[in-house]
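Notes to accompany the following structure.
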Amino acid sequence: MTGLGSGAFLGQFAAGSLTAAMPLLLGGLGEQLSERAGVLNVGIEGMMLAGAYAGFAVAYSTGGLWPGLLAGAAAGALVALPMLLLCVRWALDQVVVGIALTLGVQGLTALLHHFAFSTSYPRLPAPELWLGRFPLDYAALAMCLGLAGLYRHTLLGLHLHAAGERPVALDMAGISVSRLRGAAVLATGGLAGLGGAYLSEVSAGVFVPFMTNGAGFICIVLAMLARGRPLLVLGGALLFGVSLSSATALQLLGVDVPSDVVQMLPFAVVMLLLVVLGGGRLPAALGVAYRRGDR
Amino acid sequence: MTPPPVLALRRADKRFPGVIACDGIDFALRAGEVHALLGENGAGKSTVVGLLAGTQRPDGGAVCLDGTPLARHSPALALARGIGVVTQHSVLVPTMTVAENMLLGGAWWQSPARASAARQFRDACAGFGIAIDPNALAGSLSPGAQLQGEIIRALRRKGRVLILDEPTSPLGPAASAHLLAHLRWLCDSGLAILLITHRLDEALDVADRVTVLRRGKVTGSLDPADLAATPRDVLTAQIRAMMFGVTPVTPVTPVTPVTLGQAGAQGHGTIAGQRWIPACAGMTRLHVAGLTCNTLTGIDFSIAQGEILGVAGIDGNGQTALAETLAGHSQHSTGQILLDGTPLDGLRVAARHARGVRYLSDDRIGEGTVGALPVALNLLLKRIGAAPFWRFGMHREAAISEHAARAIADFDIRVPQPWARLATLSGGNMQKVMLARELDGAARLIIYHKPTIGLDARSADAVQQRIRQAAATGCASLLISADLDELLLLSHRIGVLDQGRIAGIVANGPGARVRIATLMTQ
Ligand SMILES: Nc1ncnc2c1ncn2[C@@H]1O[C@H](COP(=O)(O)OP(=O)(O)O)[C@@H](O)[C@H]1O
Ligand SMILES: [Mg+2]
């Protein structure tokens, strides 16, 4: 049995942590974007799951991971479309719509999986690596920095801030709040779908119904804890990656703890973080639909 | 031929649920003129601004620019056509710096030029004769400074029209005078200016033209010739008549004065045709001296047993602070509050409630009640856990139901059954639930904050009856309302709140309306 301290084990542990962190990073960045603009996207769990299924299905049928990732992002954005219409244009309750979307996608992907893959349970080949990692990892890190720059150094960043904080200020400045929020919701869907596709194609190599297993909700927590700062999403995602992969490592090491307890670890970390860091300020208009002229 | 007005409303209608905010309004702004728009609370002035600014869409009629109707007006179009708008309530993003606020609206890919925006803003401030730190968070500025910042932003765009909705309300007298002088100068350079204010003197000092609204209709207008030809005091009387619907010379109807203990107030007013005479003339119940907090300064008044003291004033002059300070919701005040001779200072809400202080919030749905809970529990909201309704932590349904049934019968609350969720009730019935809860036998001081706002006439009537009955049992009542008619109907005396101070207290009776109107528009 491998010892805890051995270099090989630690290397694998770190790699496993990163792989587990990546979907959370992508989804968390997406959720953060949407929350900045004032839309609480509770449907992100569904968007990730849609991305996971579409990504896997396309990658399996075309044999290419990249078309799969693209399809995953598109599927996430597609699930975000009803959110855009219902919540941004027609001002329905964001939480209710988000939950409904998640439940709908869970049912739909389970059904599709049942018809397409449930007899064969196909597996994708391991992805080709570049300098030891899947290339998207580098892109995700770059995106994290890019978003930080965008929030701070472009007017788009200021406009997003205004949309989340005081949408009427943005409207009176001549910028359409619903268009900006709509774009943010679609982008969130795309990022969440990409994260989901990463999960099924790169991390797991298979699609299993309900495989996101709360990752979307962890993304919401990450985004809320990180407030406006993308680098904090990265930090949080890595922390969760470590706790997810220590759950696996503990099992591999045969530590005698019931597996249910081990699998609770990431969620215990969520709650701990919320208790320790929670209570900060969220955007004032988060979750509040904007309609011009209302008061 | 004179050129068409730069910006105009043509027979514009705007309805909101339950009110007609604009009813066939014709209104025009001309280049080089300051046009003052006057009217009491809720007359529809801000709605006119919304229509002109493109934030409200008219239900009928049109917004015309240079004589041509605008098919689809919007804030973006207003900006593009040089219509600068400073709304009544600040639209700065409080969590951004002032300079960043100035940058909103540019092309999205640009990088925000914070430093140069700050420099330009500072220069503009200097040109205006004020100093505001462009790198301060907008939310940290005083309301007056926020407003000045917004005016500077509107002016920097160098438009053709400037619309200011109550710009002098958050400003002190000196800053107001400074602004008005600047407006005069701006309009001489060709700008068309719309100025809304409550102070008639301000309006008459700068305006070339005056339009008065009352309940969504234009009730009068004065053109430059009228303004030049008529003496100031005659103008003021005329405008007050248009604003408050009183004839300039009030007919004197004799009333029997009713002395009310030390309060020395007069009873006046009728409900359902019956002359109402205060039941109880007694000792001072509530005595407030030197009450001061961040929005109130040196408030002094007392209320006798059975007396209703009305509080009039334009919204945002300290009404909420007054109500919440007395009820104990906000604790940061100095001065003295004596209820029946014992000080309330330092006591929190529950302790004041135990001493008989009752508060009907104007935020019926948010603060006053819990929509998801049944009516029966809402009726006991402040006594949850107390015997005889709860024993050993268990609620006793029979006792609660019985209490609810009694309240529902007494207060004529229309509800299918006591355990229906409160959220299913109409506004009037929600208000009755709150009244039933607050007006229990132990009430000694009741603070009503806009008790009939948003209610239909019948419900409002029922609520007003209750307010009277409660006073008749000897409670001291403080009635804060934006509705002058309601105040005149119910109160013995009426105080006017202006910028956190009591501008004066008027005994109700003939001529009270005019005196209150005068205090409100000084
Ligand atoms: N956005 C809105 N939604 C619903 N009712 C409104 C809205 N804006 C104004 N009202 C109502 O229209 C009437 C006129 O309001 P407003 O134009 O703000 O008056 P003013 O500025 O003269 O005090 C009031 O009865 C107000 O309650
Ligand atoms: Mg107004």
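Chain lettering (A, B, ...) mirrors the order of the structure tokens, residue numbering begins at 1 for each chain separately, and ligand numbering begins at 1 in order of display.
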
Review point. Neighbours of ligand 1 within 9 Å, counting only C-alpha atoms and all ligand atoms, as an MDAnalysis selection string?
Key: (chainID A and resid 292:295) or (chainID B and resid 14:22 38:50 56 88 165:166 196 213:216 314:315 453:454)

Point to revise | Within 8 Å of Ile239 of chain B using only C-alpha atoms, minus same-chain residues under 4 positions, as a VMD selection string | key: chain B and resid 212 220 235 243

Suppose we keep N, CA, C and O atoms; can you now write the selection as a compact mmCIF listing (two decimals), in the first residue's frame?
# COMPACT_ATOMS: atom_id res chain seq x y z
N VAL B 212 -49.47 74.17 -11.80
CA VAL B 212 -49.82 73.52 -10.55
C VAL B 212 -50.64 72.26 -10.84
O VAL B 212 -51.55 72.28 -11.66
N GLY B 220 -53.96 74.80 -12.56
CA GLY B 220 -53.74 76.21 -12.84
C GLY B 220 -52.36 76.43 -13.41
O GLY B 220 -51.47 75.60 -13.25
N LEU B 235 -49.98 86.14 -5.54
CA LEU B 235 -49.55 84.94 -6.27
C LEU B 235 -49.51 83.73 -5.34
O LEU B 235 -50.03 82.66 -5.65
N MET B 243 -53.00 74.45 -5.33
CA MET B 243 -52.33 73.24 -4.83
C MET B 243 -53.19 72.43 -3.90
O MET B 243 -53.21 71.21 -3.94

Exercise for review: Considering only C-alpha atoms, extract the chain B residues located within 8 Å of chain A and return them as a ChimeraX atom specification.
Suggested key: /B:50,55-56,75-77,79,91-95,100,103-112

**Study point:** Pick from B:Ala207, B:Met242, B:Leu65, B:Ile502 nearest to Thr292 of chain B, counting only C-alpha atoms
**Key:** B:Ile502

Contacts of Ala59 of chain A at 6 Å (only C-alpha atoms; same-chain gap of 5+ positions) as a PDB file with C-alpha atoms, in the first residue's frame:
ATOM      1  CA  GLY A  64     -13.468  14.470 -29.890  1.00  0.00           C
ATOM      2  CA  LEU A  65     -13.306  16.049 -26.457  1.00  0.00           C
ATOM      3  CA  GLY A  68     -17.980  17.855 -26.620  1.00  0.00           C
TER       4      GLY A  68
END

**Study point:** Top pick for closest residue to ligand 2, considering B:Leu70, B:Leu164, B:Leu227, B:Ala507 and counting only C-alpha atoms and all ligand atoms
**Key:**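 Checking each of B:Leu70, B:Leu164, B:Leu227, B:Ala507 against ligand 2, counting only C-alpha atoms and all ligand atoms, the winner is B:Leu164.
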
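In this model, the gap between atom CA of Val221 of chain A and atom CA of Val270 of chain A comes to 7.3 Å.
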
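Distance-wise, atom CA of Leu29 of chain A and atom CA of Leu191 of chain A end up 7.5 Å apart.
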
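Computed from the coordinates, the atom CA of Ser17 of chain A to atom CA of Leu40 of chain A distance equals 27.4 Å.
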
Exercise for review: Name all residues at most 9 Å from Asp345 of chain B (count only C-alpha atoms; drop same-chain ones fewer than 5 positions away) and give them as a ChimeraX atom specification.
Suggested key: /B:326,328,331,333-338

**Study point:** Neighbour list for Phe217 of chain A as a PyMOL selection string, cut-off 9 Å, only C-alpha atoms, skip fewer than 6 positions in-chain
**Key:** chain A and resi 42+44-45

Exercise for review: Show which residues sit within 10 Å of Arg364 of chain B, as a list in words. Count only C-alpha atoms, and ignore same-chain residues fewer than 2 positions away.
Suggested key: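 The contact residues come out as Leu360, Ser361, Asp362, Gly366, Glu367, Gly368, Thr369, Val370, Gly371, Gly427, Met430, Gln431, Met434, His449, Lys450, Pro451 and Ile453 of chain B.
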
Review point. Any idea what's packed within 12 Å of segment 442-444 of chain B, counting only C-alpha atoms, ignoring anything in its chain fewer than 6 positions away? Could you give it as an NGL selection string?
Key: :B and (284-286 or 303-307 or 338-340 or 352-359 or 435-436 or 470-478)

Point to revise | Pick from B:Arg30, B:Gly316, B:Asp300, B:Leu180, whichever lies nearest to ligand 2 using only C-alpha atoms and all ligand atoms | key: B:Gly316
